[in-house]
Amino acid sequence: MSASAAKLKPSRAGARGAAPASARLATDAQTFVDSHRDEVNTELFGITELCHEFGITLRALRFYEDKGLLSPRRINGARVYTRRDRARLALILRAKAIGSQLSEIKRYLDLYGDHGEGRSQQLSYVIDRTDTAIAELEKKRAQIDETLAELRVINASCKRHLEARRRTSTPSN
């Protein structure tokens with residue numbers, strides 16, 4: 001147990017009116033996080049704090065952890081996230097927003113390494129991935145433009161035929 005974690009006061013189990021164990025753990029973890037806010041080069045975040053900041057659920061954050069995308073510390077059983085975890089979460093959500101699969105995201109994050117030694121490989125991977133995605137989207141756009149043009153021709157032709165039918169079926173005065 002780290003010296004910082006030792007500062008946490010254990011809560012009394014079984015005390016009348018005591019909060020449930022999960023609430024105590026969350027309180028202990030938040031106390032730990034709050035106690036380290038001012039330390040140089042150390043910024044920690046609680047699970048609830050990250051969920052609120054990024055607009056995701058606790059379940060989603062735990063899912064990313066289960067998939068090996070995040071590795072929070074544990075303080076008395078509660079998850080505590082570092083600045084690195086927060087940055088990884090931002091990248092995960094951004095990559096998901098552009099349609100990346102979790103396996104691709106994990107591969108990208110794993111390229112980074114523990115100290116950024118894989119940054120060049122990460123950048124190359126992103127260049128390859130985005131070049132491919134851009135080419136696919138441009139192909140889809142061309143197909144959509146072609147389909148729209150064809151639908152416009154069909155629509156205009158049908159309107160002309162309908163108008164011609166109406167003129168011929170309307171009795172003259």
# chains A, B, ... in the order shown; residues from 1 in each chain; ligands from 1
>>> select_by_dssp(residues="segment 57-164 of chain A", states="strand (DSSP E)", output="list in words")
Arg73, Arg74, Ile75, Ala78, Arg79, Val80, Tyr81 and Thr82 of chain A
>>> closest_atom_pairs(of="segment 82-151 of chain A", to="segment 155-165 of chain A", cutoff="10 Å", atoms="only C-alpha atoms", output="JSON lines")
{"residue": "A:Ala149", "atom": "CA", "partner": "A:Asn155", "partner_atom": "CA", "distance": 9.8}
{"residue": "A:Glu150", "atom": "CA", "partner": "A:Asn155", "partner_atom": "CA", "distance": 8.6}
{"residue": "A:Leu151", "atom": "CA", "partner": "A:Asn155", "partner_atom": "CA", "distance": 5.9}
>>> write_last_selection(atoms="N, CA and C atoms", output="mmCIF file, in the first residue's frame")
data_model
loop_
_atom_site.group_PDB
_atom_site.id
_atom_site.type_symbol
_atom_site.label_atom_id
_atom_site.label_comp_id
_atom_site.auth_asym_id
_atom_site.auth_seq_id
_atom_site.Cartn_x
_atom_site.Cartn_y
_atom_site.Cartn_z
ATOM 1 N N ALA A 149 -28.284 11.559 -58.510
ATOM 2 C CA ALA A 149 -28.508 12.041 -59.878
ATOM 3 C C ALA A 149 -29.532 11.156 -60.593
ATOM 4 N N GLU A 150 -29.400 9.847 -60.441
ATOM 5 C CA GLU A 150 -30.337 8.920 -61.070
ATOM 6 C C GLU A 150 -31.746 9.097 -60.507
ATOM 7 N N LEU A 151 -31.862 9.250 -59.189
ATOM 8 C CA LEU A 151 -33.171 9.461 -58.577
ATOM 9 C C LEU A 151 -33.804 10.770 -59.030
#
>>> closest_residue(among="A:Lys140, A:Arg166, A:Arg119, A:Lys106", to="Leu89 of chain A", atoms="only C-alpha atoms")
A:Lys106
>>> closest_residue(among="A:Tyr125, A:Val153, A:Thr147, A:Leu50", to="Ala87 of chain A", atoms="only C-alpha atoms")
A:Leu50
>>> closest_residue(among="A:Glu138, A:Asp128, A:Arg88, A:Leu58", to="Tyr112 of chain A", atoms="only C-alpha atoms")
A:Arg88
>>> decode(residues="segment 69-96 of chain A", atoms="N, CA, C and O atoms", output="CSV table (one decimal), in the first residue's frame")
chain,number,residue,atom,x,y,z
A,69,LEU,N,-8.3,-1.2,-22.6
A,69,LEU,CA,-8.0,0.1,-23.1
A,69,LEU,C,-7.6,1.1,-22.0
A,69,LEU,O,-6.9,2.0,-22.3
A,70,LEU,N,-8.1,0.8,-20.8
A,70,LEU,CA,-7.7,1.7,-19.7
A,70,LEU,C,-7.3,0.8,-18.5
A,70,LEU,O,-7.7,-0.3,-18.4
A,71,SER,N,-6.3,1.3,-17.7
A,71,SER,CA,-5.8,0.6,-16.6
A,71,SER,C,-5.7,1.5,-15.3
A,71,SER,O,-4.7,1.9,-15.0
A,72,PRO,N,-6.9,1.7,-14.7
A,72,PRO,CA,-6.9,2.6,-13.6
A,72,PRO,C,-6.2,1.9,-12.4
A,72,PRO,O,-6.1,0.7,-12.3
A,73,ARG,N,-5.7,2.8,-11.5
A,73,ARG,CA,-5.2,2.3,-10.2
A,73,ARG,C,-6.4,1.9,-9.3
A,73,ARG,O,-7.5,2.3,-9.6
A,74,ARG,N,-6.1,1.1,-8.3
A,74,ARG,CA,-7.2,0.7,-7.4
A,74,ARG,C,-6.8,1.2,-6.0
A,74,ARG,O,-5.7,1.0,-5.5
A,75,ILE,N,-7.7,2.0,-5.4
A,75,ILE,CA,-7.5,2.5,-4.0
A,75,ILE,C,-8.6,1.9,-3.2
A,75,ILE,O,-9.8,2.3,-3.4
A,76,ASN,N,-8.3,1.0,-2.3
A,76,ASN,CA,-9.4,0.4,-1.5
A,76,ASN,C,-10.5,-0.2,-2.4
A,76,ASN,O,-11.6,-0.1,-2.0
A,77,GLY,N,-10.1,-0.7,-3.5
A,77,GLY,CA,-11.0,-1.4,-4.4
A,77,GLY,C,-11.7,-0.4,-5.4
A,77,GLY,O,-12.4,-0.9,-6.3
A,78,ALA,N,-11.5,0.9,-5.2
A,78,ALA,CA,-12.2,1.9,-6.1
A,78,ALA,C,-11.2,2.3,-7.2
A,78,ALA,O,-10.0,2.3,-7.0
A,79,ARG,N,-11.7,2.6,-8.4
A,79,ARG,CA,-10.9,2.9,-9.5
A,79,ARG,C,-10.5,4.4,-9.4
A,79,ARG,O,-11.3,5.3,-9.1
A,80,VAL,N,-9.2,4.7,-9.6
A,80,VAL,CA,-8.7,6.0,-9.7
A,80,VAL,C,-7.9,6.1,-11.0
A,80,VAL,O,-7.0,5.3,-11.2
A,81,TYR,N,-8.2,7.2,-11.8
A,81,TYR,CA,-7.6,7.3,-13.1
A,81,TYR,C,-6.6,8.4,-13.1
A,81,TYR,O,-6.7,9.5,-12.5
A,82,THR,N,-5.5,8.2,-13.9
A,82,THR,CA,-4.4,9.2,-14.0
A,82,THR,C,-4.7,10.1,-15.2
A,82,THR,O,-5.6,9.8,-16.0
A,83,ARG,N,-3.8,11.1,-15.4
A,83,ARG,CA,-3.9,11.9,-16.6
A,83,ARG,C,-3.8,11.1,-17.9
A,83,ARG,O,-4.4,11.4,-18.9
A,84,ARG,N,-2.9,10.1,-17.8
A,84,ARG,CA,-2.7,9.2,-19.0
A,84,ARG,C,-4.0,8.4,-19.3
A,84,ARG,O,-4.4,8.3,-20.5
A,85,ASP,N,-4.7,7.9,-18.3
A,85,ASP,CA,-6.0,7.3,-18.5
A,85,ASP,C,-7.0,8.2,-19.1
A,85,ASP,O,-7.8,7.9,-20.0
A,86,ARG,N,-7.0,9.5,-18.6
A,86,ARG,CA,-8.0,10.5,-19.1
A,86,ARG,C,-7.7,10.8,-20.6
A,86,ARG,O,-8.6,10.8,-21.4
A,87,ALA,N,-6.4,10.9,-20.9
A,87,ALA,CA,-6.0,11.2,-22.3
A,87,ALA,C,-6.4,10.0,-23.2
A,87,ALA,O,-6.9,10.1,-24.3
A,88,ARG,N,-6.2,8.8,-22.7
A,88,ARG,CA,-6.6,7.6,-23.5
A,88,ARG,C,-8.1,7.5,-23.7
A,88,ARG,O,-8.6,7.2,-24.7
A,89,LEU,N,-8.9,7.9,-22.6
A,89,LEU,CA,-10.3,7.9,-22.8
A,89,LEU,C,-10.7,8.9,-23.8
A,89,LEU,O,-11.6,8.6,-24.6
A,90,ALA,N,-10.1,10.1,-23.8
A,90,ALA,CA,-10.5,11.1,-24.9
A,90,ALA,C,-10.2,10.5,-26.3
A,90,ALA,O,-11.0,10.7,-27.2
A,91,LEU,N,-9.0,9.8,-26.4
A,91,LEU,CA,-8.7,9.2,-27.7
A,91,LEU,C,-9.7,8.1,-28.1
A,91,LEU,O,-10.1,8.0,-29.3
A,92,ILE,N,-10.1,7.3,-27.1
A,92,ILE,CA,-11.0,6.2,-27.4
A,92,ILE,C,-12.3,6.8,-27.9
A,92,ILE,O,-12.9,6.3,-28.9
A,93,LEU,N,-12.8,7.8,-27.2
A,93,LEU,CA,-14.1,8.3,-27.6
A,93,LEU,C,-14.1,9.0,-29.0
A,93,LEU,O,-15.0,9.0,-29.8
A,94,ARG,N,-12.9,9.7,-29.2
A,94,ARG,CA,-12.8,10.4,-30.5
A,94,ARG,C,-12.7,9.4,-31.6
A,94,ARG,O,-13.3,9.5,-32.7
A,95,ALA,N,-11.9,8.3,-31.4
A,95,ALA,CA,-11.8,7.2,-32.4
A,95,ALA,C,-13.1,6.5,-32.7
A,95,ALA,O,-13.5,6.2,-33.8
A,96,LYS,N,-13.9,6.3,-31.6
A,96,LYS,CA,-15.2,5.7,-31.8
A,96,LYS,C,-16.1,6.6,-32.6
A,96,LYS,O,-16.9,6.1,-33.4
